[in-house]
>>> print(open('work_33.pdb').read())   # PDB, C-alpha atoms, pLDDT in the B column
ATOM      1  CA  MET A 587     -12.505 -21.208   1.168  1.00 86.00           C
ATOM      2  CA  ALA A 588     -15.303 -23.577   2.095  1.00 90.00           C
ATOM      3  CA  GLY A 589     -16.932 -23.203  -1.308  1.00 92.00           C
ATOM      4  CA  TYR A 590     -13.619 -23.866  -3.041  1.00 91.00           C
ATOM      5  CA  LEU A 591     -12.847 -26.925  -0.939  1.00 89.00           C
ATOM      6  CA  PHE A 592     -16.276 -28.493  -0.374  1.00 93.00           C
ATOM      7  CA  GLY A 593     -18.665 -27.065  -2.963  1.00 94.00           C
ATOM      8  CA  PRO A 594     -21.609 -24.686  -3.065  1.00 96.00           C
ATOM      9  CA  ALA A 595     -23.816 -26.327  -0.423  1.00 97.00           C
ATOM     10  CA  ILE A 596     -21.136 -26.315   2.275  1.00 96.00           C
ATOM     11  CA  GLY A 597     -19.953 -22.885   1.123  1.00 96.00           C
ATOM     12  CA  GLY A 598     -23.470 -21.528   1.650  1.00 96.00           C
ATOM     13  CA  MET A 599     -23.777 -23.182   5.070  1.00 97.00           C
ATOM     14  CA  VAL A 600     -20.431 -21.760   6.165  1.00 97.00           C
ATOM     15  CA  GLY A 601     -21.584 -18.328   4.966  1.00 96.00           C
ATOM     16  CA  LEU A 602     -24.708 -18.669   7.094  1.00 97.00           C
ATOM     17  CA  LEU A 603     -22.769 -19.808  10.162  1.00 97.00           C
ATOM     18  CA  ALA A 604     -20.130 -17.097   9.722  1.00 96.00           C
ATOM     19  CA  ASP A 605     -22.745 -14.348   9.437  1.00 95.00           C
ATOM     20  CA  VAL A 606     -24.865 -15.470  12.386  1.00 96.00           C
ATOM     21  CA  GLY A 607     -21.812 -16.393  14.468  1.00 96.00           C
ATOM     22  CA  GLY A 608     -20.172 -13.068  13.719  1.00 94.00           C
ATOM     23  CA  TYR A 609     -23.298 -11.258  14.800  1.00 94.00           C
ATOM     24  CA  ILE A 610     -23.501 -13.234  18.053  1.00 95.00           C
ATOM     25  CA  ILE A 611     -19.825 -12.678  18.889  1.00 95.00           C
ATOM     26  CA  ALA A 612     -19.483  -9.021  17.874  1.00 92.00           C
ATOM     27  CA  PRO A 613     -22.682  -7.307  16.698  1.00 90.00           C
ATOM     28  CA  THR A 614     -22.065  -4.045  14.858  1.00 86.00           C
ATOM     29  CA  GLY A 615     -25.687  -3.086  14.325  1.00 82.00           C
ATOM     30  CA  PRO A 616     -29.127  -4.642  14.232  1.00 85.00           C
ATOM     31  CA  PHE A 617     -29.413  -8.198  12.935  1.00 90.00           C
ATOM     32  CA  PHE A 618     -30.904  -8.249   9.445  1.00 92.00           C
ATOM     33  CA  PRO A 619     -31.507 -11.588   7.693  1.00 95.00           C
ATOM     34  CA  GLY A 620     -30.823 -10.070   4.278  1.00 95.00           C
ATOM     35  CA  PHE A 621     -27.110  -9.959   5.050  1.00 95.00           C
ATOM     36  CA  THR A 622     -27.271 -13.619   6.029  1.00 97.00           C
ATOM     37  CA  ILE A 623     -28.787 -14.354   2.621  1.00 97.00           C
ATOM     38  CA  SER A 624     -25.927 -12.405   1.026  1.00 97.00           C
ATOM     39  CA  ALA A 625     -23.352 -14.472   2.941  1.00 97.00           C
ATOM     40  CA  ILE A 626     -25.033 -17.717   1.859  1.00 97.00           C
ATOM     41  CA  ILE A 627     -25.144 -16.616  -1.781  1.00 97.00           C
ATOM     42  CA  SER A 628     -21.462 -15.621  -1.686  1.00 97.00           C
ATOM     43  CA  GLY A 629     -20.469 -19.084  -0.423  1.00 96.00           C
ATOM     44  CA  VAL A 630     -22.614 -20.718  -3.103  1.00 97.00           C
ATOM     45  CA  ILE A 631     -21.064 -18.553  -5.849  1.00 97.00           C
ATOM     46  CA  TYR A 632     -17.540 -19.456  -4.751  1.00 95.00           C
ATOM     47  CA  GLY A 633     -18.514 -23.127  -4.690  1.00 95.00           C
ATOM     48  CA  LEU A 634     -20.139 -23.064  -8.117  1.00 96.00           C
ATOM     49  CA  ILE A 635     -17.237 -21.296  -9.802  1.00 95.00           C
ATOM     50  CA  LEU A 636     -14.200 -22.677  -7.966  1.00 93.00           C
ATOM     51  CA  HIS A 637     -15.021 -26.165  -6.640  1.00 93.00           C
ATOM     52  CA  HIS A 638     -13.726 -29.064  -8.776  1.00 90.00           C
ATOM     53  CA  HIS A 639     -11.962 -26.674 -11.146  1.00 89.00           C
ATOM     54  CA  GLU A 640      -8.283 -26.070 -11.678  1.00 86.00           C
ATOM     55  CA  PHE A 641      -7.139 -23.013  -9.720  1.00 85.00           C
ATOM     56  CA  SER A 642      -6.814 -19.892 -11.838  1.00 91.00           C
ATOM     57  CA  ILE A 643      -6.779 -16.209 -11.058  1.00 93.00           C
ATOM     58  CA  LYS A 644      -9.281 -15.740 -13.894  1.00 95.00           C
ATOM     59  CA  ARG A 645     -11.821 -17.988 -12.105  1.00 95.00           C
ATOM     60  CA  VAL A 646     -11.243 -16.170  -8.810  1.00 95.00           C
ATOM     61  CA  PHE A 647     -11.717 -12.822 -10.575  1.00 97.00           C
ATOM     62  CA  ILE A 648     -14.975 -14.019 -12.169  1.00 97.00           C
ATOM     63  CA  ALA A 649     -16.259 -15.225  -8.776  1.00 96.00           C
ATOM     64  CA  GLN A 650     -15.278 -11.913  -7.178  1.00 97.00           C
ATOM     65  CA  LEU A 651     -16.874  -9.914  -9.989  1.00 97.00           C
ATOM     66  CA  ILE A 652     -20.174 -11.785  -9.663  1.00 97.00           C
ATOM     67  CA  ILE A 653     -20.125 -11.316  -5.893  1.00 97.00           C
ATOM     68  CA  VAL A 654     -19.395  -7.594  -6.287  1.00 96.00           C
ATOM     69  CA  LEU A 655     -22.203  -7.090  -8.812  1.00 96.00           C
ATOM     70  CA  VAL A 656     -24.882  -9.390  -7.410  1.00 97.00           C
ATOM     71  CA  VAL A 657     -24.194  -9.496  -3.684  1.00 97.00           C
ATOM     72  CA  ASN A 658     -22.279  -6.370  -2.710  1.00 95.00           C
ATOM     73  CA  LEU A 659     -23.795  -3.806  -5.059  1.00 95.00           C
ATOM     74  CA  LEU A 660     -27.276  -5.205  -5.688  1.00 95.00           C
ATOM     75  CA  LEU A 661     -28.351  -7.206  -2.638  1.00 96.00           C
ATOM     76  CA  ASN A 662     -26.383  -5.466   0.114  1.00 94.00           C
ATOM     77  CA  SER A 663     -27.435  -2.062  -1.216  1.00 93.00           C
ATOM     78  CA  LEU A 664     -31.037  -3.288  -1.201  1.00 94.00           C
ATOM     79  CA  TRP A 665     -30.695  -4.499   2.393  1.00 93.00           C
ATOM     80  CA  LEU A 666     -29.160  -1.179   3.464  1.00 90.00           C
ATOM     81  CA  SER A 667     -31.905   0.807   1.771  1.00 91.00           C
ATOM     82  CA  MET A 668     -34.548  -1.355   3.476  1.00 92.00           C
ATOM     83  CA  LEU A 669     -32.825  -1.209   6.854  1.00 89.00           C
ATOM     84  CA  TYR A 670     -32.067   2.509   6.953  1.00 87.00           C
ATOM     85  CA  GLY A 671     -34.753   3.884   4.636  1.00 87.00           C
ATOM     86  CA  LYS A 672     -32.324   5.379   2.115  1.00 84.00           C
ATOM     87  CA  ALA A 673     -32.867   5.336  -1.621  1.00 90.00           C
ATOM     88  CA  PHE A 674     -31.460   2.249  -3.358  1.00 91.00           C
ATOM     89  CA  MET A 675     -29.436   4.223  -5.920  1.00 91.00           C
ATOM     90  CA  VAL A 676     -27.895   6.310  -3.141  1.00 88.00           C
ATOM     91  CA  ALA A 677     -26.743   3.116  -1.443  1.00 86.00           C
ATOM     92  CA  VAL A 678     -25.329   1.746  -4.719  1.00 91.00           C
ATOM     93  CA  SER A 679     -23.523   4.953  -5.631  1.00 89.00           C
ATOM     94  CA  ALA A 680     -22.026   5.217  -2.148  1.00 86.00           C
ATOM     95  CA  ARG A 681     -20.610   1.688  -2.432  1.00 91.00           C
ATOM     96  CA  LEU A 682     -19.577   1.643  -6.103  1.00 94.00           C
ATOM     97  CA  PHE A 683     -16.163   3.324  -5.776  1.00 94.00           C
ATOM     98  CA  LYS A 684     -15.134   1.095  -2.865  1.00 94.00           C
ATOM     99  CA  GLU A 685     -16.183  -2.042  -4.750  1.00 95.00           C
ATOM    100  CA  ILE A 686     -14.198  -1.033  -7.846  1.00 95.00           C
ATOM    101  CA  ILE A 687     -11.090  -0.427  -5.729  1.00 95.00           C
ATOM    102  CA  MET A 688     -11.503  -3.620  -3.703  1.00 96.00           C
ATOM    103  CA  LEU A 689     -12.179  -5.976  -6.643  1.00 96.00           C
ATOM    104  CA  PRO A 690      -8.522  -6.494  -7.653  1.00 96.00           C
ATOM    105  CA  ILE A 691      -7.378  -6.433  -4.021  1.00 96.00           C
ATOM    106  CA  ASN A 692      -9.881  -9.107  -2.966  1.00 95.00           C
ATOM    107  CA  THR A 693      -9.066 -11.138  -6.076  1.00 96.00           C
ATOM    108  CA  ALA A 694      -5.377 -11.098  -5.154  1.00 96.00           C
ATOM    109  CA  LEU A 695      -6.019 -11.984  -1.502  1.00 96.00           C
ATOM    110  CA  VAL A 696      -8.442 -14.806  -2.281  1.00 93.00           C
ATOM    111  CA  SER A 697      -6.054 -16.115  -4.954  1.00 94.00           C
ATOM    112  CA  LEU A 698      -3.132 -16.187  -2.527  1.00 94.00           C
ATOM    113  CA  VAL A 699      -5.136 -18.061   0.106  1.00 92.00           C
ATOM    114  CA  LEU A 700      -6.659 -20.553  -2.325  1.00 89.00           C
ATOM    115  CA  LYS A 701      -3.318 -21.175  -4.019  1.00 87.00           C
ATOM    116  CA  ALA A 702      -1.723 -21.877  -0.635  1.00 88.00           C
ATOM    117  CA  ILE A 703      -4.552 -24.247   0.267  1.00 83.00           C
ATOM    118  CA  GLY A 704      -4.232 -26.005  -3.085  1.00 75.00           C
ATOM    119  CA  GLU A 705      -0.489 -26.426  -2.681  1.00 65.00           C
ATOM    120  CA  ARG A 706      -0.892 -27.850   0.827  1.00 66.00           C
ATOM    121  CA  SER A 707      -3.464 -30.368  -0.356  1.00 61.00           C
ATOM    122  CA  LEU A 708      -1.213 -31.292  -3.299  1.00 51.00           C
ATOM    123  CA  ILE A 709       1.695 -31.913  -0.898  1.00 47.00           C
ATOM    124  CA  LYS A 710      -0.532 -34.171   1.227  1.00 51.00           C
ATOM    125  CA  LYS A 711      -1.595 -36.142  -1.879  1.00 52.00           C
ATOM    126  CA  VAL A 712       2.045 -36.640  -2.933  1.00 47.00           C
ATOM    127  CA  ARG A 713       3.061 -37.822   0.555  1.00 47.00           C
ATOM    128  CA  ALA A 714       0.145 -40.261   0.805  1.00 52.00           C
TER     129      ALA A 714
END
>>> encode(input="work_33.pdb", output="structure tokens")
Amino acid sequence: MAGYLFGPAIGGMVGLLADVGGYIIAPTGPFFPGFTISAIISGVIYGLILHHHEFSIKRVFIAQLIIVLVVNLLLNSLWLSMLYGKAFMVAVSARLFKEIIMLPINTALVSLVLKAIGERSLIKKVRA
């Protein structure tokens, strides 16, 4: 949402804060800075593709697809293989099915949230 509303720089900063803050509040394993890099890149991707553009499900899908391919499958699999000593392709293959299933679901969820945000900001502009 931050990338959509405020652009890639703020989207990346919010990704960083969300990752580090989430780890501080409820750690689920060892801290690994690679996942922080992934969160930053995700915020930047959303900002680059969605900020200052008319809302469309196609744009949200493209952003989600890039995040799935670059961040979730490539980078996060690399971080997991580095962290746990497993082969990179094993990490990718273990995550591939989940990512394929979640792509349309995440696209729909992100679209619903961003559309609601856009409509609220449009209502505020009309009232002002």
>>> closest_residue(input="work_33.pdb", among="A:Leu636, A:Phe621, A:Gly607, A:Gly615", to="Phe592 of chain A", atoms="all atoms listed in the file")
A:Leu636
>>> atom_distance(input="work_33.pdb", atom1="atom CA of Pro594 of chain A", atom2="atom CA of Val656 of chain A")
16.2 Å
>>> closest_residue(input="work_33.pdb", among="A:Leu661, A:Tyr609, A:Pro616, A:Val696", to="Gly589 of chain A", atoms="only C-alpha atoms")
A:Val696
>>> residues_around(input="work_33.pdb", residues="Ala588 of chain A", least_positions_apart="4", cutoff="12 Å", atoms="all atoms listed in the file", output="PyMOL selection string")
chain A and resi 592-604+626+628-634+636-637+696+699-700+703
>>> residues_around(input="work_33.pdb", residues="Val654 of chain A", least_positions_apart="5", cutoff="12 Å", atoms="all atoms listed in the file", output="list in words")
Ser624, Ile627, Ser628, Ile631, Phe647, Ile648, Ala649, Leu659, Leu660, Leu661, Asn662, Ser663, Val678, Arg681, Leu682, Phe683, Lys684, Glu685, Ile686, Ile687, Met688, Leu689, Pro690, Asn692 and Thr693 of chain A
>>> write_last_selection(input="work_33.pdb", atoms="C-alpha atoms", output="mmCIF file, in the coordinates of the input")
data_model
loop_
_atom_site.group_PDB
_atom_site.id
_atom_site.type_symbol
_atom_site.label_atom_id
_atom_site.label_comp_id
_atom_site.auth_asym_id
_atom_site.auth_seq_id
_atom_site.Cartn_x
_atom_site.Cartn_y
_atom_site.Cartn_z
ATOM 1 C CA SER A 624 -25.927 -12.405 1.026
ATOM 2 C CA ILE A 627 -25.144 -16.616 -1.781
ATOM 3 C CA SER A 628 -21.462 -15.621 -1.686
ATOM 4 C CA ILE A 631 -21.064 -18.553 -5.849
ATOM 5 C CA PHE A 647 -11.717 -12.822 -10.575
ATOM 6 C CA ILE A 648 -14.975 -14.019 -12.169
ATOM 7 C CA ALA A 649 -16.259 -15.225 -8.776
ATOM 8 C CA LEU A 659 -23.795 -3.806 -5.059
ATOM 9 C CA LEU A 660 -27.276 -5.205 -5.688
ATOM 10 C CA LEU A 661 -28.351 -7.206 -2.638
ATOM 11 C CA ASN A 662 -26.383 -5.466 0.114
ATOM 12 C CA SER A 663 -27.435 -2.062 -1.216
ATOM 13 C CA VAL A 678 -25.329 1.746 -4.719
ATOM 14 C CA ARG A 681 -20.610 1.688 -2.432
ATOM 15 C CA LEU A 682 -19.577 1.643 -6.103
ATOM 16 C CA PHE A 683 -16.163 3.324 -5.776
ATOM 17 C CA LYS A 684 -15.134 1.095 -2.865
ATOM 18 C CA GLU A 685 -16.183 -2.042 -4.750
ATOM 19 C CA ILE A 686 -14.198 -1.033 -7.846
ATOM 20 C CA ILE A 687 -11.090 -0.427 -5.729
ATOM 21 C CA MET A 688 -11.503 -3.620 -3.703
ATOM 22 C CA LEU A 689 -12.179 -5.976 -6.643
ATOM 23 C CA PRO A 690 -8.522 -6.494 -7.653
ATOM 24 C CA ASN A 692 -9.881 -9.107 -2.966
ATOM 25 C CA THR A 693 -9.066 -11.138 -6.076
#
>>> decode(input="work_33.pdb", residues="segment 614-629 of chain A", atoms="all heavy atoms", output="PDB file, in the first residue's frame")
ATOM      1  N   THR A 614      10.209 -15.465  14.179  1.00  0.00           N
ATOM      2  CA  THR A 614       9.836 -16.854  13.876  1.00  0.00           C
ATOM      3  C   THR A 614      11.041 -17.687  13.485  1.00  0.00           C
ATOM      4  O   THR A 614      10.893 -18.809  13.036  1.00  0.00           O
ATOM      5  CB  THR A 614       8.804 -16.897  12.737  1.00  0.00           C
ATOM      6  OG1 THR A 614       9.351 -16.245  11.589  1.00  0.00           O
ATOM      7  CG2 THR A 614       7.501 -16.229  13.138  1.00  0.00           C
ATOM      8  N   GLY A 615      12.205 -17.145  13.634  1.00  0.00           N
ATOM      9  CA  GLY A 615      13.445 -17.831  13.287  1.00  0.00           C
ATOM     10  C   GLY A 615      14.582 -16.844  13.432  1.00  0.00           C
ATOM     11  O   GLY A 615      14.394 -15.738  13.941  1.00  0.00           O
ATOM     12  N   PRO A 616      15.756 -17.209  12.967  1.00  0.00           N
ATOM     13  CA  PRO A 616      16.884 -16.283  13.084  1.00  0.00           C
ATOM     14  C   PRO A 616      16.698 -15.096  12.143  1.00  0.00           C
ATOM     15  O   PRO A 616      16.092 -15.211  11.077  1.00  0.00           O
ATOM     16  CB  PRO A 616      18.089 -17.127  12.663  1.00  0.00           C
ATOM     17  CG  PRO A 616      17.522 -18.194  11.799  1.00  0.00           C
ATOM     18  CD  PRO A 616      16.142 -18.471  12.328  1.00  0.00           C
ATOM     19  N   PHE A 617      17.203 -13.929  12.573  1.00  0.00           N
ATOM     20  CA  PHE A 617      17.145 -12.759  11.698  1.00  0.00           C
ATOM     21  C   PHE A 617      18.139 -12.959  10.562  1.00  0.00           C
ATOM     22  O   PHE A 617      19.279 -13.360  10.780  1.00  0.00           O
ATOM     23  CB  PHE A 617      17.485 -11.472  12.459  1.00  0.00           C
ATOM     24  CG  PHE A 617      17.449 -10.263  11.571  1.00  0.00           C
ATOM     25  CD1 PHE A 617      16.242  -9.703  11.215  1.00  0.00           C
ATOM     26  CD2 PHE A 617      18.623  -9.710  11.068  1.00  0.00           C
ATOM     27  CE1 PHE A 617      16.186  -8.599  10.375  1.00  0.00           C
ATOM     28  CE2 PHE A 617      18.583  -8.613  10.232  1.00  0.00           C
ATOM     29  CZ  PHE A 617      17.360  -8.047   9.886  1.00  0.00           C
ATOM     30  N   PHE A 618      17.690 -12.685   9.343  1.00  0.00           N
ATOM     31  CA  PHE A 618      18.561 -12.792   8.177  1.00  0.00           C
ATOM     32  C   PHE A 618      18.312 -11.569   7.311  1.00  0.00           C
ATOM     33  O   PHE A 618      17.181 -11.345   6.860  1.00  0.00           O
ATOM     34  CB  PHE A 618      18.257 -14.083   7.405  1.00  0.00           C
ATOM     35  CG  PHE A 618      19.232 -14.354   6.300  1.00  0.00           C
ATOM     36  CD1 PHE A 618      20.509 -14.821   6.570  1.00  0.00           C
ATOM     37  CD2 PHE A 618      18.877 -14.128   4.982  1.00  0.00           C
ATOM     38  CE1 PHE A 618      21.412 -15.069   5.554  1.00  0.00           C
ATOM     39  CE2 PHE A 618      19.771 -14.375   3.949  1.00  0.00           C
ATOM     40  CZ  PHE A 618      21.049 -14.849   4.242  1.00  0.00           C
ATOM     41  N   PRO A 619      19.330 -10.744   7.070  1.00  0.00           N
ATOM     42  CA  PRO A 619      19.128  -9.495   6.334  1.00  0.00           C
ATOM     43  C   PRO A 619      18.667  -9.679   4.892  1.00  0.00           C
ATOM     44  O   PRO A 619      18.110  -8.754   4.302  1.00  0.00           O
ATOM     45  CB  PRO A 619      20.491  -8.804   6.382  1.00  0.00           C
ATOM     46  CG  PRO A 619      21.452  -9.769   6.948  1.00  0.00           C
ATOM     47  CD  PRO A 619      20.690 -10.898   7.556  1.00  0.00           C
ATOM     48  N   GLY A 620      18.841 -10.848   4.327  1.00  0.00           N
ATOM     49  CA  GLY A 620      18.369 -11.091   2.971  1.00  0.00           C
ATOM     50  C   GLY A 620      16.868 -10.901   2.849  1.00  0.00           C
ATOM     51  O   GLY A 620      16.371 -10.350   1.858  1.00  0.00           O
ATOM     52  N   PHE A 621      16.119 -11.343   3.861  1.00  0.00           N
ATOM     53  CA  PHE A 621      14.673 -11.179   3.826  1.00  0.00           C
ATOM     54  C   PHE A 621      14.277  -9.710   3.957  1.00  0.00           C
ATOM     55  O   PHE A 621      13.247  -9.290   3.413  1.00  0.00           O
ATOM     56  CB  PHE A 621      14.004 -12.042   4.891  1.00  0.00           C
ATOM     57  CG  PHE A 621      14.177 -13.504   4.638  1.00  0.00           C
ATOM     58  CD1 PHE A 621      14.930 -14.285   5.505  1.00  0.00           C
ATOM     59  CD2 PHE A 621      13.619 -14.105   3.527  1.00  0.00           C
ATOM     60  CE1 PHE A 621      15.106 -15.636   5.265  1.00  0.00           C
ATOM     61  CE2 PHE A 621      13.792 -15.464   3.276  1.00  0.00           C
ATOM     62  CZ  PHE A 621      14.548 -16.231   4.150  1.00  0.00           C
ATOM     63  N   THR A 622      15.093  -8.935   4.642  1.00  0.00           N
ATOM     64  CA  THR A 622      14.860  -7.497   4.716  1.00  0.00           C
ATOM     65  C   THR A 622      15.057  -6.873   3.337  1.00  0.00           C
ATOM     66  O   THR A 622      14.265  -6.020   2.906  1.00  0.00           O
ATOM     67  CB  THR A 622      15.800  -6.850   5.746  1.00  0.00           C
ATOM     68  OG1 THR A 622      15.636  -7.502   7.005  1.00  0.00           O
ATOM     69  CG2 THR A 622      15.512  -5.372   5.906  1.00  0.00           C
ATOM     70  N   ILE A 623      16.077  -7.315   2.630  1.00  0.00           N
ATOM     71  CA  ILE A 623      16.302  -6.843   1.260  1.00  0.00           C
ATOM     72  C   ILE A 623      15.108  -7.206   0.380  1.00  0.00           C
ATOM     73  O   ILE A 623      14.645  -6.388  -0.422  1.00  0.00           O
ATOM     74  CB  ILE A 623      17.618  -7.429   0.697  1.00  0.00           C
ATOM     75  CG1 ILE A 623      18.809  -6.841   1.442  1.00  0.00           C
ATOM     76  CG2 ILE A 623      17.740  -7.183  -0.803  1.00  0.00           C
ATOM     77  CD1 ILE A 623      20.126  -7.544   1.177  1.00  0.00           C
ATOM     78  N   SER A 624      14.582  -8.404   0.543  1.00  0.00           N
ATOM     79  CA  SER A 624      13.406  -8.825  -0.227  1.00  0.00           C
ATOM     80  C   SER A 624      12.208  -7.922   0.060  1.00  0.00           C
ATOM     81  O   SER A 624      11.470  -7.547  -0.860  1.00  0.00           O
ATOM     82  CB  SER A 624      13.042 -10.273   0.091  1.00  0.00           C
ATOM     83  OG  SER A 624      14.021 -11.149  -0.403  1.00  0.00           O
ATOM     84  N   ALA A 625      12.002  -7.578   1.328  1.00  0.00           N
ATOM     85  CA  ALA A 625      10.876  -6.710   1.694  1.00  0.00           C
ATOM     86  C   ALA A 625      11.048  -5.319   1.088  1.00  0.00           C
ATOM     87  O   ALA A 625      10.079  -4.723   0.599  1.00  0.00           O
ATOM     88  CB  ALA A 625      10.757  -6.624   3.216  1.00  0.00           C
ATOM     89  N   ILE A 626      12.263  -4.803   1.102  1.00  0.00           N
ATOM     90  CA  ILE A 626      12.536  -3.494   0.501  1.00  0.00           C
ATOM     91  C   ILE A 626      12.254  -3.538  -0.993  1.00  0.00           C
ATOM     92  O   ILE A 626      11.574  -2.655  -1.547  1.00  0.00           O
ATOM     93  CB  ILE A 626      13.997  -3.069   0.772  1.00  0.00           C
ATOM     94  CG1 ILE A 626      14.210  -2.810   2.262  1.00  0.00           C
ATOM     95  CG2 ILE A 626      14.375  -1.842  -0.060  1.00  0.00           C
ATOM     96  CD1 ILE A 626      15.670  -2.679   2.663  1.00  0.00           C
ATOM     97  N   ILE A 627      12.759  -4.559  -1.666  1.00  0.00           N
ATOM     98  CA  ILE A 627      12.567  -4.679  -3.114  1.00  0.00           C
ATOM     99  C   ILE A 627      11.078  -4.802  -3.456  1.00  0.00           C
ATOM    100  O   ILE A 627      10.610  -4.209  -4.437  1.00  0.00           O
ATOM    101  CB  ILE A 627      13.383  -5.853  -3.676  1.00  0.00           C
ATOM    102  CG1 ILE A 627      14.881  -5.531  -3.580  1.00  0.00           C
ATOM    103  CG2 ILE A 627      12.989  -6.169  -5.115  1.00  0.00           C
ATOM    104  CD1 ILE A 627      15.794  -6.694  -3.902  1.00  0.00           C
ATOM    105  N   SER A 628      10.329  -5.536  -2.663  1.00  0.00           N
ATOM    106  CA  SER A 628       8.887  -5.666  -2.916  1.00  0.00           C
ATOM    107  C   SER A 628       8.201  -4.306  -2.846  1.00  0.00           C
ATOM    108  O   SER A 628       7.385  -3.964  -3.716  1.00  0.00           O
ATOM    109  CB  SER A 628       8.248  -6.615  -1.900  1.00  0.00           C
ATOM    110  OG  SER A 628       8.706  -7.924  -2.098  1.00  0.00           O
ATOM    111  N   GLY A 629       8.512  -3.510  -1.827  1.00  0.00           N
ATOM    112  CA  GLY A 629       7.926  -2.173  -1.714  1.00  0.00           C
ATOM    113  C   GLY A 629       8.301  -1.280  -2.879  1.00  0.00           C
ATOM    114  O   GLY A 629       7.474  -0.520  -3.396  1.00  0.00           O
TER     115      GLY A 629
END
